[in-house]
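**Q** Supplied structure: my_file-v8.txt, compact mmCIF, C-alpha atoms.
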```
# COMPACT_ATOMS: atom_id res chain seq x y z
CA MET A 29 0.00 0.00 0.00
CA LEU A 30 2.89 2.32 0.89
CA ARG A 31 4.53 1.64 -2.49
CA ALA A 32 1.23 2.38 -4.24
CA ALA A 33 0.90 5.64 -2.39
CA ARG A 34 4.44 6.65 -3.27
CA PHE A 35 3.81 5.74 -6.90
CA ALA A 36 0.66 7.86 -6.96
CA VAL A 37 2.48 10.85 -5.46
CA THR A 38 5.35 10.42 -7.90
CA GLY A 39 2.91 10.18 -10.82
CA TYR A 40 1.10 13.33 -9.66
CA ARG A 41 4.39 15.20 -9.38
CA CYS A 42 5.41 14.10 -12.89
CA LEU A 43 2.05 15.20 -14.26
CA GLN A 44 2.32 18.53 -12.42
CA ALA A 45 5.84 19.13 -13.75
CA ARG A 46 4.76 18.28 -17.27
CA SER A 47 1.74 20.64 -17.14
CA MET A 48 3.98 23.41 -15.80
CA SER A 49 6.28 23.04 -18.81
CA VAL A 50 3.43 23.40 -21.32
CA SER A 51 3.04 26.94 -22.67
CA LEU A 52 -0.13 28.20 -24.41
CA GLN A 53 0.38 31.44 -26.35
CA VAL A 54 -2.52 33.49 -27.74
CA SER A 55 -1.57 36.62 -29.63
CA PRO A 56 -1.99 39.48 -29.79
CA GLY A 57 -3.00 40.01 -26.17
CA ARG A 58 -5.52 42.67 -27.28
CA CYS A 59 -6.97 43.28 -30.75
CA LEU A 60 -10.14 44.18 -32.60
CA TYR A 61 -12.79 41.48 -32.73
CA ASP A 62 -12.46 41.15 -36.51
CA GLU A 63 -8.68 40.54 -36.45
CA PRO A 64 -7.11 37.10 -37.05
CA LEU A 65 -6.29 34.78 -34.15
CA SER A 66 -2.90 33.20 -33.45
CA VAL A 67 -2.66 30.25 -31.05
CA THR A 68 0.49 28.18 -30.47
CA VAL A 69 1.52 25.61 -27.86
CA SER A 70 4.94 24.35 -26.85
CA GLY A 71 6.19 21.82 -24.32
CA LEU A 72 3.88 18.94 -25.22
CA ASN A 73 5.00 15.37 -25.79
CA PRO A 74 5.46 14.37 -29.45
CA GLY A 75 2.11 13.27 -30.86
CA GLN A 76 0.27 14.10 -27.63
CA GLU A 77 -3.49 14.49 -27.98
CA VAL A 78 -4.94 17.65 -26.44
CA THR A 79 -8.17 19.64 -26.44
CA LEU A 80 -8.32 23.42 -26.72
CA GLN A 81 -11.39 25.08 -25.23
CA ALA A 82 -12.29 28.71 -25.96
CA ALA A 83 -14.94 30.47 -23.90
CA LEU A 84 -16.50 33.89 -23.41
CA THR A 85 -19.42 35.18 -21.40
CA ASP A 86 -21.74 37.88 -22.74
CA GLU A 87 -23.42 40.68 -20.81
CA GLY A 88 -26.44 38.49 -20.12
CA GLY A 89 -24.31 35.85 -18.44
CA GLU A 90 -24.53 33.40 -21.33
CA THR A 91 -21.37 31.39 -21.96
CA PHE A 92 -20.28 30.53 -25.50
CA THR A 93 -17.71 27.76 -25.95
CA SER A 94 -15.88 25.77 -28.61
CA LEU A 95 -13.65 22.69 -28.47
CA GLY A 96 -10.79 21.85 -30.82
CA ARG A 97 -9.16 18.39 -30.79
CA TYR A 98 -5.47 18.39 -31.78
CA ARG A 99 -2.40 16.18 -31.95
CA ALA A 100 1.00 17.73 -31.20
CA GLY A 101 3.84 17.63 -33.72
CA ASN A 102 7.07 15.67 -33.56
CA HIS A 103 8.66 18.25 -31.31
CA GLY A 104 5.69 18.68 -28.98
CA GLU A 105 4.56 21.83 -30.77
CA LEU A 106 1.10 22.95 -31.90
CA ASP A 107 0.23 25.86 -34.20
CA LEU A 108 -3.41 26.37 -35.22
CA SER A 109 -2.32 28.02 -38.47
CA ARG A 110 -0.58 24.76 -39.55
CA PHE A 111 -2.08 21.88 -37.58
CA PRO A 112 -5.55 20.49 -38.41
CA ALA A 113 -8.25 20.13 -35.81
CA LEU A 114 -9.33 16.48 -35.60
CA GLU A 115 -12.83 15.01 -35.74
CA GLY A 116 -14.91 15.18 -32.60
CA GLY A 117 -14.62 18.88 -31.78
CA SER A 118 -16.50 22.02 -32.83
CA TYR A 119 -14.50 22.35 -36.09
CA VAL A 120 -12.12 20.32 -38.24
CA GLY A 121 -9.15 21.08 -40.47
CA VAL A 122 -6.66 23.93 -40.40
CA GLU A 123 -8.83 26.72 -39.01
CA PRO A 124 -6.81 29.32 -37.05
CA GLU A 125 -9.97 31.26 -36.11
CA GLY A 126 -12.04 28.13 -35.49
CA PRO A 127 -12.06 28.65 -31.70
CA LEU A 128 -13.89 31.94 -32.32
CA TRP A 129 -16.43 31.28 -35.05
CA ALA A 130 -17.30 27.77 -33.86
CA MET A 131 -18.50 28.97 -30.44
CA GLN A 132 -22.01 27.99 -29.46
CA PRO A 133 -24.14 29.04 -26.48
CA ARG A 134 -24.91 26.68 -23.63
CA THR A 135 -28.53 27.84 -23.74
CA PRO A 136 -30.36 27.06 -27.02
CA HIS A 137 -31.40 29.93 -29.29
CA ARG A 138 -29.10 32.53 -27.80
CA ARG A 139 -27.56 34.97 -30.28
CA PHE A 140 -24.12 36.45 -29.68
CA ILE A 141 -24.55 40.23 -29.56
CA ARG A 142 -22.21 42.76 -27.99
CA LYS A 143 -24.01 45.69 -26.36
CA ASN A 144 -21.23 47.46 -24.47
CA VAL A 145 -18.76 48.16 -27.27
CA GLN A 146 -16.62 50.40 -25.09
CA ALA A 147 -15.29 47.43 -23.10
CA PRO A 148 -13.41 44.54 -24.71
CA LEU A 149 -14.54 40.93 -24.51
CA ARG A 150 -12.29 38.61 -22.52
CA LEU A 151 -11.70 35.26 -24.24
CA GLN A 152 -10.49 32.43 -22.06
CA PHE A 153 -8.44 29.59 -23.57
CA SER A 154 -7.86 26.32 -21.73
CA LEU A 155 -5.69 23.44 -22.92
CA TYR A 156 -6.54 19.97 -21.63
CA GLU A 157 -4.76 16.67 -21.96
CA ALA A 158 -6.52 14.03 -24.09
CA HIS A 159 -9.80 14.22 -25.99
CA LYS A 160 -12.63 12.17 -24.53
CA PRO A 161 -12.87 12.46 -21.62
CA LEU A 162 -10.89 15.63 -21.03
CA GLY A 163 -7.76 15.07 -19.03
CA PRO A 164 -6.01 17.43 -16.61
CA LEU A 165 -5.69 21.13 -17.39
CA LEU A 166 -2.27 21.80 -18.95
CA ALA A 167 -2.26 25.54 -19.58
CA THR A 168 -4.46 28.64 -19.85
CA ALA A 169 -4.32 31.97 -21.67
CA ALA A 170 -6.58 34.95 -22.30
CA GLN A 171 -7.16 37.53 -25.01
CA ASP A 172 -9.11 40.79 -25.05
CA ARG A 173 -11.08 41.44 -28.25
CA ALA A 174 -12.24 45.03 -28.61
CA PHE A 175 -14.85 46.72 -30.78
CA MET A 176 -13.22 50.15 -30.62
CA SER A 177 -9.59 50.64 -31.59
CA GLU A 178 -7.29 53.02 -29.74
CA GLY A 179 -8.48 56.60 -30.20
CA VAL A 180 -12.02 55.85 -31.45
CA THR A 181 -14.62 57.84 -29.51
CA ARG A 182 -18.32 57.19 -28.93
CA SER A 183 -20.91 59.88 -28.24
CA PRO A 184 -24.70 59.57 -27.92
CA VAL A 185 -26.83 61.28 -30.56
CA ARG A 186 -29.94 63.16 -29.45
CA GLU A 187 -30.42 65.68 -32.22
CA GLY A 188 -34.04 66.67 -32.84
CA ARG A 189 -35.85 63.37 -33.16
CA VAL A 190 -32.72 61.41 -34.12
CA ARG A 191 -31.46 58.83 -31.64
CA GLY A 192 -28.29 56.80 -31.95
CA SER A 193 -24.58 56.94 -31.29
CA LEU A 194 -21.69 58.40 -33.22
CA PHE A 195 -18.28 56.75 -33.53
CA LEU A 196 -15.36 58.93 -34.61
CA PRO A 197 -12.02 57.51 -35.76
CA PRO A 198 -8.88 58.95 -34.17
CA GLY A 199 -7.25 62.03 -35.66
CA ALA A 200 -8.42 65.35 -37.01
CA GLY A 201 -10.38 64.02 -39.99
CA PRO A 202 -12.31 64.60 -42.13
CA TYR A 203 -13.63 61.06 -42.61
CA PRO A 204 -15.92 59.14 -44.93
CA ALA A 205 -19.29 58.83 -43.14
CA ILE A 206 -21.76 55.94 -42.82
CA ILE A 207 -25.20 55.40 -41.25
CA ASP A 208 -25.65 51.88 -39.85
CA LEU A 209 -29.10 50.25 -39.54
CA TYR A 210 -30.18 46.92 -38.05
CA GLY A 211 -33.47 45.05 -38.34
CA THR A 212 -36.72 44.21 -36.60
CA GLY A 213 -35.04 43.44 -33.27
CA GLY A 214 -35.13 47.19 -32.65
CA GLY A 215 -33.07 49.11 -30.13
CA LEU A 216 -29.58 50.45 -30.75
CA VAL A 217 -26.99 48.04 -32.19
CA GLU A 218 -23.46 49.42 -32.16
CA TYR A 219 -20.86 46.68 -32.71
CA ARG A 220 -20.69 46.93 -36.50
CA ALA A 221 -20.60 50.74 -36.37
CA SER A 222 -17.80 50.73 -33.81
CA LEU A 223 -15.75 48.31 -35.90
CA LEU A 224 -16.28 50.41 -39.03
CA ALA A 225 -15.06 53.45 -37.11
CA SER A 226 -12.03 51.44 -36.06
CA HIS A 227 -11.28 51.04 -39.76
CA GLY A 228 -11.50 54.75 -40.50
CA PHE A 229 -15.20 55.46 -41.17
CA LEU A 230 -17.13 58.01 -39.13
CA THR A 231 -20.18 55.88 -38.38
CA MET A 232 -23.54 56.57 -36.79
CA ALA A 233 -25.45 53.61 -35.38
CA LEU A 234 -29.03 54.74 -35.94
CA ALA A 235 -31.98 53.48 -33.88
CA TYR A 236 -35.45 53.82 -35.40
CA PHE A 237 -37.74 52.12 -32.88
CA ASP A 238 -37.81 50.62 -29.38
CA TYR A 239 -35.03 52.84 -28.08
CA ASP A 240 -35.07 55.84 -25.75
CA ASP A 241 -38.16 57.93 -26.58
CA LEU A 242 -38.68 56.41 -30.05
CA PRO A 243 -41.89 54.45 -30.78
CA LYS A 244 -41.97 50.89 -29.46
CA GLY A 245 -42.86 49.40 -32.84
CA PHE A 246 -41.74 50.15 -36.40
CA GLU A 247 -45.24 50.61 -37.83
CA GLY A 248 -45.77 54.08 -39.25
CA LEU A 249 -42.14 54.78 -40.14
CA HIS A 250 -41.64 58.20 -41.67
CA LEU A 251 -38.92 59.15 -44.14
CA SER A 252 -38.51 62.50 -42.40
CA TYR A 253 -36.84 60.77 -39.44
CA PHE A 254 -34.15 59.33 -41.69
CA ARG A 255 -33.84 62.66 -43.51
CA GLU A 256 -32.96 64.29 -40.18
CA ALA A 257 -30.31 61.63 -39.57
CA VAL A 258 -28.77 62.19 -43.01
CA GLU A 259 -28.70 65.97 -42.57
CA PHE A 260 -27.16 65.65 -39.11
CA LEU A 261 -24.33 63.55 -40.50
CA ARG A 262 -23.81 65.64 -43.64
CA CYS A 263 -23.42 68.76 -41.50
CA HIS A 264 -20.93 67.20 -39.12
CA PRO A 265 -17.62 69.12 -39.30
CA LYS A 266 -15.55 65.93 -39.54
CA VAL A 267 -17.40 64.42 -42.51
CA ASN A 268 -15.18 64.63 -45.60
CA ASN A 269 -17.91 65.73 -48.03
CA GLN A 270 -21.64 66.12 -48.37
CA GLU A 271 -22.23 62.55 -49.54
CA ILE A 272 -22.46 59.60 -47.18
CA GLY A 273 -22.97 55.83 -47.15
CA VAL A 274 -25.67 53.68 -45.58
CA ILE A 275 -25.40 50.05 -44.50
CA GLY A 276 -28.35 47.95 -43.38
CA ILE A 277 -29.18 44.35 -42.62
CA SER A 278 -32.62 42.72 -42.95
CA LYS A 279 -35.31 45.41 -42.43
CA GLY A 280 -32.46 47.93 -42.13
CA ALA A 281 -31.40 47.02 -45.67
CA ASP A 282 -34.67 48.04 -47.32
CA LEU A 283 -34.65 51.23 -45.26
CA ALA A 284 -31.14 51.94 -46.62
CA LEU A 285 -32.46 51.44 -50.17
CA SER A 286 -35.39 53.77 -49.51
CA MET A 287 -33.09 56.44 -48.07
CA ALA A 288 -30.91 56.32 -51.20
CA THR A 289 -33.98 56.44 -53.42
CA PHE A 290 -35.89 59.29 -51.81
CA LEU A 291 -33.23 61.38 -50.02
CA PRO A 292 -30.35 63.42 -51.45
CA GLY A 293 -26.75 62.96 -50.37
CA ILE A 294 -26.55 59.14 -50.27
CA LYS A 295 -23.64 58.01 -52.41
CA ALA A 296 -23.15 54.35 -51.48
CA VAL A 297 -25.48 51.68 -50.07
CA VAL A 298 -24.73 48.22 -48.67
CA SER A 299 -27.72 45.89 -48.41
CA ILE A 300 -27.17 42.74 -46.31
CA SER A 301 -29.82 40.00 -46.44
CA GLY A 302 -32.31 42.61 -47.52
CA CYS A 303 -35.62 42.81 -49.36
CA ASN A 304 -36.31 44.84 -52.50
CA ALA A 305 -39.59 46.09 -51.06
CA SER A 306 -40.59 47.98 -47.95
CA SER A 307 -40.90 44.91 -45.74
CA PHE A 308 -43.70 44.46 -43.19
CA ALA A 309 -44.48 48.14 -42.68
CA SER A 310 -45.30 51.05 -44.98
CA LEU A 311 -42.96 54.03 -45.22
CA ASN A 312 -44.51 57.50 -45.17
CA CYS A 313 -42.61 59.59 -47.73
CA ASP A 314 -44.24 63.00 -47.22
CA ASP A 315 -46.45 63.29 -50.31
CA PHE A 316 -46.94 59.54 -50.83
CA ILE A 317 -46.77 56.26 -48.92
CA LEU A 318 -44.64 53.26 -49.95
CA PRO A 319 -46.83 50.31 -48.94
CA GLY A 320 -45.37 47.52 -46.84
CA LEU A 321 -44.91 44.02 -48.25
CA GLY A 322 -47.02 41.72 -46.12
CA PHE A 323 -46.90 38.01 -45.36
CA ASP A 324 -49.23 35.03 -45.28
CA VAL A 325 -49.77 33.69 -41.76
CA GLU A 326 -50.80 30.29 -43.16
CA LYS A 327 -47.34 29.89 -44.72
CA ILE A 328 -45.50 30.22 -41.42
CA LYS A 329 -44.17 26.81 -40.42
CA PHE A 330 -42.53 25.34 -37.36
CA THR A 331 -39.57 22.99 -37.21
CA GLU A 332 -39.72 19.76 -35.22
CA SER A 333 -38.08 21.56 -32.31
CA GLY A 334 -40.70 24.32 -32.39
CA ILE A 335 -38.66 27.04 -34.13
CA LEU A 336 -40.63 29.47 -36.26
CA ASP A 337 -39.82 29.06 -39.97
CA PHE A 338 -40.72 32.26 -41.81
CA SER A 339 -38.82 31.43 -45.02
CA GLU A 340 -41.88 31.06 -47.29
CA ALA A 341 -44.29 33.42 -45.56
CA MET A 342 -43.52 36.73 -47.28
CA ASN A 343 -45.75 37.78 -50.15
CA ASP A 344 -44.28 37.25 -53.62
CA THR A 345 -42.38 40.30 -54.90
CA HIS A 346 -42.79 38.99 -58.47
CA ASP A 347 -46.57 39.19 -58.15
CA PRO A 348 -47.84 42.30 -60.01
CA ALA A 349 -50.22 42.89 -57.09
CA ASN A 350 -47.20 43.69 -54.90
CA GLU A 351 -45.39 45.90 -57.42
CA LYS A 352 -46.41 49.04 -55.54
CA CYS A 353 -44.38 47.82 -52.53
CA LEU A 354 -41.12 47.62 -54.50
CA ILE A 355 -38.50 50.29 -53.85
CA PRO A 356 -37.73 52.19 -57.10
CA ALA A 357 -34.01 52.27 -56.37
CA GLU A 358 -33.25 52.96 -60.04
CA LYS A 359 -34.17 56.59 -59.26
CA SER A 360 -31.15 56.84 -56.97
CA SER A 361 -27.72 58.06 -58.07
CA ALA A 362 -25.99 55.92 -55.43
CA ALA A 363 -23.77 52.89 -55.99
CA PHE A 364 -25.05 49.63 -54.51
CA LEU A 365 -23.52 46.53 -52.93
CA PHE A 366 -25.87 43.60 -52.29
CA LEU A 367 -24.88 40.66 -50.06
CA ALA A 368 -27.05 37.58 -49.52
CA GLY A 369 -26.84 33.97 -48.40
CA LEU A 370 -28.33 31.04 -50.29
CA ASP A 371 -29.28 29.40 -46.98
CA ASP A 372 -31.18 32.44 -45.69
CA MET A 373 -34.14 30.87 -43.87
CA ASN A 374 -35.70 34.17 -42.80
CA TRP A 375 -36.76 35.16 -46.30
CA PRO A 376 -35.41 34.64 -49.86
CA SER A 377 -32.92 37.53 -49.82
CA ALA A 378 -30.97 36.11 -52.79
CA VAL A 379 -34.16 36.18 -54.91
CA TYR A 380 -34.98 39.71 -53.79
CA ASN A 381 -31.46 40.87 -54.57
CA LYS A 382 -31.38 39.29 -58.03
CA GLN A 383 -34.64 41.05 -58.83
CA ILE A 384 -33.47 44.52 -57.83
CA VAL A 385 -29.97 44.07 -59.26
CA SER A 386 -31.49 43.18 -62.64
CA ARG A 387 -33.61 46.34 -62.59
CA LEU A 388 -30.70 48.54 -61.52
CA GLU A 389 -28.47 47.13 -64.26
CA GLU A 390 -31.18 47.77 -66.84
CA HIS A 391 -31.01 51.44 -65.83
CA GLY A 392 -27.22 51.54 -66.05
CA LYS A 393 -26.61 51.81 -62.30
CA GLU A 394 -23.38 50.79 -60.59
CA VAL A 395 -24.09 47.53 -58.76
CA GLU A 396 -22.12 44.77 -57.05
CA PHE A 397 -23.85 41.56 -55.96
CA TYR A 398 -22.40 38.61 -54.05
CA CYS A 399 -24.42 35.55 -53.15
CA TYR A 400 -22.86 33.07 -50.71
CA ALA A 401 -23.48 29.32 -50.62
CA GLY A 402 -24.12 28.06 -47.09
CA ALA A 403 -24.65 31.54 -45.63
CA GLY A 404 -27.71 32.37 -43.58
CA HIS A 405 -29.55 35.59 -42.81
CA LEU A 406 -27.38 37.02 -40.02
CA LEU A 407 -24.24 38.00 -41.90
CA GLU A 408 -22.18 39.70 -39.20
CA PRO A 409 -18.55 40.90 -38.95
CA PRO A 410 -15.89 38.16 -39.09
CA TYR A 411 -15.65 35.50 -36.38
CA PHE A 412 -19.10 36.13 -34.97
CA PRO A 413 -20.48 32.63 -34.29
CA LEU A 414 -23.18 31.33 -36.60
CA CYS A 415 -26.66 31.75 -35.16
CA ARG A 416 -29.05 29.43 -37.00
CA ALA A 417 -31.98 30.33 -34.77
CA SER A 418 -32.58 32.69 -31.88
CA ASN A 419 -35.31 34.22 -29.79
CA HIS A 420 -36.79 37.23 -31.55
CA LYS A 421 -37.64 40.07 -29.18
CA LEU A 422 -40.52 41.34 -31.31
CA LEU A 423 -42.05 37.91 -31.91
CA GLY A 424 -41.40 36.50 -28.47
CA ALA A 425 -40.40 33.15 -29.99
CA PRO A 426 -37.33 31.53 -31.58
CA ILE A 427 -37.03 32.13 -35.33
CA LEU A 428 -34.95 30.33 -37.95
CA TRP A 429 -32.16 32.34 -39.62
CA GLY A 430 -30.31 29.57 -41.47
CA GLY A 431 -26.67 29.09 -42.39
CA GLN A 432 -24.11 26.27 -42.49
CA ILE A 433 -21.22 26.90 -40.15
CA LEU A 434 -18.29 26.84 -42.59
CA GLY A 435 -20.06 28.50 -45.52
CA HIS A 436 -21.44 31.19 -43.24
CA THR A 437 -18.04 31.81 -41.68
CA ARG A 438 -16.34 32.21 -45.06
CA ALA A 439 -19.13 34.53 -46.22
CA GLN A 440 -18.71 36.82 -43.21
CA GLU A 441 -14.96 37.09 -43.77
CA ASP A 442 -15.35 37.88 -47.48
CA ALA A 443 -18.32 40.23 -47.07
CA TRP A 444 -16.53 42.31 -44.43
CA GLN A 445 -13.64 42.99 -46.79
CA LYS A 446 -16.00 43.81 -49.65
CA ILE A 447 -17.97 46.25 -47.47
CA GLN A 448 -14.85 48.19 -46.49
CA SER A 449 -13.50 48.23 -50.06
CA PHE A 450 -16.85 49.36 -51.44
CA PHE A 451 -17.21 52.27 -49.01
CA SER A 452 -13.57 53.28 -49.50
CA LYS A 453 -14.05 53.33 -53.26
CA HIS A 454 -17.19 55.48 -53.21
CA LEU A 455 -16.79 57.69 -50.15
CA ILE A 456 -13.10 58.63 -50.17
CA PRO A 457 -12.04 61.18 -52.80
CA HIS A 458 -9.18 59.64 -54.77
CA ASN A 459 -7.19 62.86 -54.70
CA SER A 460 -7.47 63.30 -50.92
CA LEU A 461 -4.70 62.81 -48.41
CA TYR A 462 -7.00 60.33 -46.59
CA SER A 463 -7.13 58.04 -49.64
CA ARG A 464 -3.33 57.86 -49.73
CA LEU A 465 -2.88 56.93 -46.06
```
Would you mind writing the structure in this file as structure tokens?

**A**
Amino acid sequence: MLRAARFAVTGYRCLQARSMSVSLQVSPGRCLYDEPLSVTVSGLNPGQEVTLQAALTDEGGETFTSLGRYRAGNHGELDLSRFPALEGGSYVGVEPEGPLWAMQPRTPHRRFIRKNVQAPLRLQFSLYEAHKPLGPLLATAAQDRAFMSEGVTRSPVREGRVRGSLFLPPGAGPYPAIIDLYGTGGGLVEYRASLLASHGFLTMALAYFDYDDLPKGFEGLHLSYFREAVEFLRCHPKVNNQEIGVIGISKGADLALSMATFLPGIKAVVSISGCNASSFASLNCDDFILPGLGFDVEKIKFTESGILDFSEAMNDTHDPANEKCLIPAEKSSAAFLFLAGLDDMNWPSAVYNKQIVSRLEEHGKEVEFYCYAGAGHLLEPPYFPLCRASNHKLLGAPILWGGQILGHTRAQEDAWQKIQSFFSKHLIPHNSLYSRL
């Protein structure tokens, strides 16, 4: 018995010494959320099997995690940019950012959203021995991922009726300017705007319902509210000219199209997973009303797990009876970028986009259109985890968004680069000092 006890103590000490020699490096220590991830490990045994866990906790207390199964190299090393993740984890293959985009919530139907963009997110990395079951903890590391780069400032906007927040890049300016709109979840969503500001665009995250003293619902939207927002931004002393860009996703996308169509000063529009009609609600445009495209309640379905499937419920935009709901974007002088996923299960955004792109091209407008296989409705900045379904605040029930994890991830990476290139091309004067920086 004494020998067994000594053996156990000796084994524990060997294991403790080995775990102390293992080093897990995550770099950089602090970066923007959309920057690449670098993870390396040293001090392992040759060919040793290990599991890397990444975890973060959002403001609501929800924890998102991913697991990567790996086998160390001949010298006990591991580098996620060169070594493939093995079967049995959250991702497979050589995927350096896999620990980020493969994260999933512990509670079903929770969407990853960052509300407080002024504080970075702390990512925790833990390296365990073995795969199944997890062995002892070998090493830990942490990384802070921020939504505002050094020098970016945020200020609330309460100008007339306009409510939102303004993000200014560092320096004296002037800057290319963008209005950022989200969808039927309402409120004020700032993480995309803050990241755009971190890449040099003066960006206003614009709320249009269910925020501050704005109406609780988006019925009865009036173009004059968005006109005020455009004029506020055009008159800002740090905006580089009188023409600005607008980016919108879902309902925010058709509002962006309407703004470019009926308001002056919009030079570039990005539509993400959008509709070519005024969706759900009419838009009051002073001397006329753009009717809202409705939906058929009988076409709403439910998945086996009780998730609301809205994918076939919207009224047909090809039906002549709904032609009056279509946004006549060909009247606009703006350039357009349309982004859509072929696995969008909220509504057929790819079909809507093809329809409006065809009409814009017929009128000789400048249009870019990218349709992504495997991408769902919620095309977010890079490395945001795929959310196939989540609870919708307005509906009070989980709704299906769609997307296949790898296709959606690749789409987000590509779309983010295209968005920045598009706005740079159309909002930055080519002869300006800013364009040469």

**Q** Looking at all atoms listed in the file, which of A:Tyr61, A:Tyr156, A:Tyr119, A:Tyr98 is the one that sits closest to Gln81 of chain A?

**A**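 Residue with the minimum atom-to-atom distance to Gln81 of chain A: A:Tyr156.
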
**Q** The residues within 6 Å of (-4.9, 30.2, -32.4), using all atoms listed in the file and the coordinates of the file, should be reported as a short mmCIF file (atom, residue, chain, number, x, y, z; two decimals) with C-alpha atoms, keeping the file's coordinate frame; which are they?

**A**
```cif
data_model
loop_
_atom_site.label_atom_id
_atom_site.label_comp_id
_atom_site.auth_asym_id
_atom_site.auth_seq_id
_atom_site.Cartn_x
_atom_site.Cartn_y
_atom_site.Cartn_z
CA LEU A 65 -6.29 34.78 -34.15
CA SER A 66 -2.90 33.20 -33.45
CA VAL A 67 -2.66 30.25 -31.05
CA LEU A 108 -3.41 26.37 -35.22
CA PRO A 124 -6.81 29.32 -37.05
#
```

**Q** With distances taken over all atoms listed in the file, which residue among A:Ala378, A:Gly192, A:Pro164, A:Gly273 lies nearest Ser452 of chain A?

**A**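 Checking each of A:Ala378, A:Gly192, A:Pro164, A:Gly273 against Ser452 of chain A, counting all atoms listed in the file, the winner is A:Gly273.
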
**Q** Can you tell me, as a PyMOL selection string, which residues sit within 10 Å of (-40.3, 57.7, -40.9) in the file's frame, using only C-alpha atoms?

**A** chain A and resi 236+246-256+283+310-314

**Q** I'd like the neighbourhood of Ile277 of chain A as a ChimeraX atom specification, where a residue qualifies if any of its atoms comes within 7 Å (using only C-alpha atoms), though same-chain residues fewer than 5 positions away should be ignored.

**A** /A:209-211,299-302

**Q** Which one is closest to Thr212 of chain A: A:Phe153, A:Phe237, A:Phe364, A:Phe175? Count all atoms listed in the file.

**A**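 Using all atoms listed in the file, the shortest distance to Thr212 of chain A belongs to A:Phe237.
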
**Q** In Å, with one decimal, what is the gap from atom CA of Glu115 of chain A to atom CA of Arg134 of chain A?

**A**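 So the answer is 20.7 Å.
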
**Q** Taking all atoms listed in the file into account, name the residue in A:Leu406, A:Val145, A:Ala296, A:Ala233 that is nearest to Lys453 of chain A.

**A** A:Ala296

**Q** How many Å separate atom CA of Ser418 of chain A from atom CA of Tyr400 of chain A?

**A**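 Atom-to-atom, atom CA of Ser418 of chain A and atom CA of Tyr400 of chain A are spaced 21.2 Å apart.
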
**Q** Residues within 8 Å of Ala403 of chain A, please, as a VMD selection string. Count only C-alpha atoms; anything in the same chain fewer than 2 positions from it doesn't count.

**A** chain A and resid 368 to 372 400 to 401 405 407 430 to 433 435 to 437 439

**Q** When you count only C-alpha atoms, which of these residues is closest to Pro202 of chain A: A:Pro74, A:Pro148, A:Gly215, A:Gly228?

**A**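 Using only C-alpha atoms, the shortest distance to Pro202 of chain A belongs to A:Gly228.
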
**Q** So which one's closest to Arg189 of chain A, A:Leu291, A:Ala235, A:Leu336, A:Ile272? Using only C-alpha atoms, please.

**A**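 Nearest candidate to Arg189 of chain A out of A:Leu291, A:Ala235, A:Leu336, A:Ile272: A:Ala235.
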
**Q** Around all listed atoms of segment 162-166 of chain A, padded 8 Å per side, what centre and edge lengths does the axis-aligned box have in Å to one decimal, as JSON?

**A**
```
{"center_x": -6.6, "center_y": 18.4, "center_z": -18.8, "size_x": 24.6, "size_y": 22.7, "size_z": 20.4}
```

**Q** Please provide the set of residues having any atom within 8 Å of segment 388-393 of chain A, restricted to all atoms listed in the file, with same-chain residues fewer than 5 positions apart removed, written as number ranges by chain.

**A** A: 357-358, 361, 363

**Q** Mind pulling up the distance from atom CA of Gly199 of chain A to atom CA of Val180 of chain A?

**A** 8.9 Å
